[in-house]
Amino acid sequence: CQDHKFHDIVLSMKSSNPIVMVHAYRLLVNKMIQEKMNYPLHLGVTEAGEGMEGRIKSSIGIGRLLLSGIGDTIRVSLSDEPEEEIRVGFDILKSLNLRHRGVKIIACPSCARQQFPVIDTVKKLEKSLENLLTPITVSIIGCVVNGPGEANLTEIGITGGGNNTHMIYIDGKKGHRIKNEELVPYLDSLIREKAKQKEII
């Protein structure tokens, strides 16, 4: 291409193996530096498969290169609907703080200290908020041991306190206590209200 003075190109070194893919792109970048070439790079773990394995492989390959400052465009290749590929790609970018849109939830894993069903709450809340585009951070922690610390880092936070009582945090500070509320509808409303305030500002 260069011999023919054609420079309007994008380079891609995809592989179905994320380790091979990462190594190939690094070799390519080193060669481009040596040859004083400057072309955009398109990243992707091709034919990654379906389900969790495909998502993990894509996250490892694409994420590792982006963290190294390598890559201009990405494509997640899953044996799934195109919409799901876009969703996973955006989640990769959001996790790396390269794109800011929608809700970013911090939640604790399963633990004996949980005072309410955190996992179920997170799943339902993610589903109910998937159409919200305003960037907003949320922490959902099942106990008062880790909850306040995580809530300090988010715009909306909730911790479990036992007896169906929960502390709500707003912008990292204690806001109010709720009791016997249906958590998903309550949090959905609270998060959307916070998003509206951000849009106005």
# chains A, B, ... in the order shown; residues from 1 in each chain; ligands from 1

call {"tool": "residues_around", "arguments": {"residues": "region 165-170 of chain A", "least_positions_apart": "2", "cutoff": "12 Å", "atoms": "only C-alpha atoms", "output": "count of residues only"}}
result
47

call {"tool": "residues_around", "arguments": {"residues": "Leu41 (chain A)", "least_positions_apart": "5", "cutoff": "6 Å", "atoms": "only C-alpha atoms", "output": "ChimeraX atom specification"}}
result
/A:10-12,71-72

call {"tool": "select_by_dssp", "arguments": {"residues": "region 21-184 of chain A", "states": "strand (DSSP E)", "output": "number ranges by chain"}}
result
A: 41-43, 73-74, 103-107, 136-141, 156-160, 165-170, 173-179

call {"tool": "atom_distance", "arguments": {"atom1": "CA of Glu85 (chain A)", "atom2": "CA of Asp188 (chain A)"}}
result
25.4 Å

call {"tool": "closest_residue", "arguments": {"among": "A:Met32, A:Leu96, A:Leu65, A:Met37", "to": "Pro18 (chain A)", "atoms": "only C-alpha atoms"}}
result
A:Leu65

call {"tool": "residues_around", "arguments": {"residues": "Arg64 (chain A)", "least_positions_apart": "5", "cutoff": "10 Å", "atoms": "only C-alpha atoms", "output": "ChimeraX atom specification"}}
result
/A:18-19,22,58-59,69-70,96

call {"tool": "decode", "arguments": {"residues": "region 18-89 of chain A", "atoms": "C-alpha atoms", "output": "PDB file, in the first residue's frame"}}
result
ATOM      1  CA  PRO A  18      -6.441 -13.544  22.994  1.00  0.00           C
ATOM      2  CA  ILE A  19      -2.811 -14.272  23.930  1.00  0.00           C
ATOM      3  CA  VAL A  20      -1.815 -14.610  20.264  1.00  0.00           C
ATOM      4  CA  MET A  21      -3.847 -11.528  19.412  1.00  0.00           C
ATOM      5  CA  VAL A  22      -2.151  -9.369  22.074  1.00  0.00           C
ATOM      6  CA  HIS A  23       1.327 -10.573  21.065  1.00  0.00           C
ATOM      7  CA  ALA A  24       0.627  -9.965  17.354  1.00  0.00           C
ATOM      8  CA  TYR A  25      -0.532  -6.393  17.928  1.00  0.00           C
ATOM      9  CA  ARG A  26       2.510  -5.624  20.060  1.00  0.00           C
ATOM     10  CA  LEU A  27       4.814  -6.938  17.329  1.00  0.00           C
ATOM     11  CA  LEU A  28       2.901  -4.818  14.810  1.00  0.00           C
ATOM     12  CA  VAL A  29       3.197  -1.672  16.935  1.00  0.00           C
ATOM     13  CA  ASN A  30       6.942  -2.186  17.380  1.00  0.00           C
ATOM     14  CA  LYS A  31       7.329  -2.622  13.610  1.00  0.00           C
ATOM     15  CA  MET A  32       5.246   0.501  12.929  1.00  0.00           C
ATOM     16  CA  ILE A  33       7.473   2.503  15.289  1.00  0.00           C
ATOM     17  CA  GLN A  34      10.633   1.230  13.572  1.00  0.00           C
ATOM     18  CA  GLU A  35       9.247   2.006  10.117  1.00  0.00           C
ATOM     19  CA  LYS A  36       7.775   5.351  11.223  1.00  0.00           C
ATOM     20  CA  MET A  37       4.290   4.258  10.196  1.00  0.00           C
ATOM     21  CA  ASN A  38       1.151   5.651  11.771  1.00  0.00           C
ATOM     22  CA  TYR A  39      -2.044   3.742  10.988  1.00  0.00           C
ATOM     23  CA  PRO A  40      -5.139   3.199  13.130  1.00  0.00           C
ATOM     24  CA  LEU A  41      -5.488  -0.261  14.649  1.00  0.00           C
ATOM     25  CA  HIS A  42      -8.730  -2.228  14.785  1.00  0.00           C
ATOM     26  CA  LEU A  43      -8.874  -4.649  17.755  1.00  0.00           C
ATOM     27  CA  GLY A  44     -10.853  -7.834  18.145  1.00  0.00           C
ATOM     28  CA  VAL A  45     -10.733 -11.414  19.309  1.00  0.00           C
ATOM     29  CA  THR A  46     -12.310 -13.011  16.262  1.00  0.00           C
ATOM     30  CA  GLU A  47     -14.662 -15.995  16.486  1.00  0.00           C
ATOM     31  CA  ALA A  48     -14.593 -15.705  20.282  1.00  0.00           C
ATOM     32  CA  GLY A  49     -17.591 -18.013  20.583  1.00  0.00           C
ATOM     33  CA  GLU A  50     -20.774 -17.748  22.594  1.00  0.00           C
ATOM     34  CA  GLY A  51     -21.650 -17.205  26.203  1.00  0.00           C
ATOM     35  CA  MET A  52     -19.331 -16.324  29.049  1.00  0.00           C
ATOM     36  CA  GLU A  53     -16.168 -17.682  27.431  1.00  0.00           C
ATOM     37  CA  GLY A  54     -16.501 -15.399  24.399  1.00  0.00           C
ATOM     38  CA  ARG A  55     -17.078 -12.369  26.581  1.00  0.00           C
ATOM     39  CA  ILE A  56     -14.079 -13.174  28.792  1.00  0.00           C
ATOM     40  CA  LYS A  57     -11.766 -13.762  25.822  1.00  0.00           C
ATOM     41  CA  SER A  58     -12.837 -10.481  24.229  1.00  0.00           C
ATOM     42  CA  SER A  59     -12.389  -8.583  27.489  1.00  0.00           C
ATOM     43  CA  ILE A  60      -8.905  -9.986  28.036  1.00  0.00           C
ATOM     44  CA  GLY A  61      -7.637  -9.389  24.508  1.00  0.00           C
ATOM     45  CA  ILE A  62      -9.217  -6.016  23.794  1.00  0.00           C
ATOM     46  CA  GLY A  63      -8.895  -4.707  27.347  1.00  0.00           C
ATOM     47  CA  ARG A  64      -5.228  -5.584  27.722  1.00  0.00           C
ATOM     48  CA  LEU A  65      -4.281  -3.748  24.543  1.00  0.00           C
ATOM     49  CA  LEU A  66      -6.431  -0.704  25.277  1.00  0.00           C
ATOM     50  CA  LEU A  67      -4.858  -0.442  28.735  1.00  0.00           C
ATOM     51  CA  SER A  68      -1.469  -0.337  26.970  1.00  0.00           C
ATOM     52  CA  GLY A  69      -2.632   2.524  24.776  1.00  0.00           C
ATOM     53  CA  ILE A  70      -2.968   0.304  21.701  1.00  0.00           C
ATOM     54  CA  GLY A  71      -6.084   0.416  19.535  1.00  0.00           C
ATOM     55  CA  ASP A  72      -8.400   2.885  17.817  1.00  0.00           C
ATOM     56  CA  THR A  73     -11.524   0.852  17.051  1.00  0.00           C
ATOM     57  CA  ILE A  74     -12.865  -2.428  18.431  1.00  0.00           C
ATOM     58  CA  ARG A  75     -15.211  -5.235  17.434  1.00  0.00           C
ATOM     59  CA  VAL A  76     -16.519  -7.907  19.786  1.00  0.00           C
ATOM     60  CA  SER A  77     -17.216 -11.069  17.761  1.00  0.00           C
ATOM     61  CA  LEU A  78     -19.696 -13.357  19.512  1.00  0.00           C
ATOM     62  CA  SER A  79     -21.961 -16.152  18.356  1.00  0.00           C
ATOM     63  CA  ASP A  80     -24.843 -13.986  19.460  1.00  0.00           C
ATOM     64  CA  GLU A  81     -27.057 -11.146  18.305  1.00  0.00           C
ATOM     65  CA  PRO A  82     -25.211  -8.020  17.059  1.00  0.00           C
ATOM     66  CA  GLU A  83     -26.838  -5.974  19.818  1.00  0.00           C
ATOM     67  CA  GLU A  84     -25.137  -8.188  22.397  1.00  0.00           C
ATOM     68  CA  GLU A  85     -21.756  -7.656  20.727  1.00  0.00           C
ATOM     69  CA  ILE A  86     -22.275  -3.898  21.002  1.00  0.00           C
ATOM     70  CA  ARG A  87     -23.332  -4.192  24.643  1.00  0.00           C
ATOM     71  CA  VAL A  88     -20.232  -6.214  25.574  1.00  0.00           C
ATOM     72  CA  GLY A  89     -17.956  -3.846  23.637  1.00  0.00           C
TER      73      GLY A  89
END
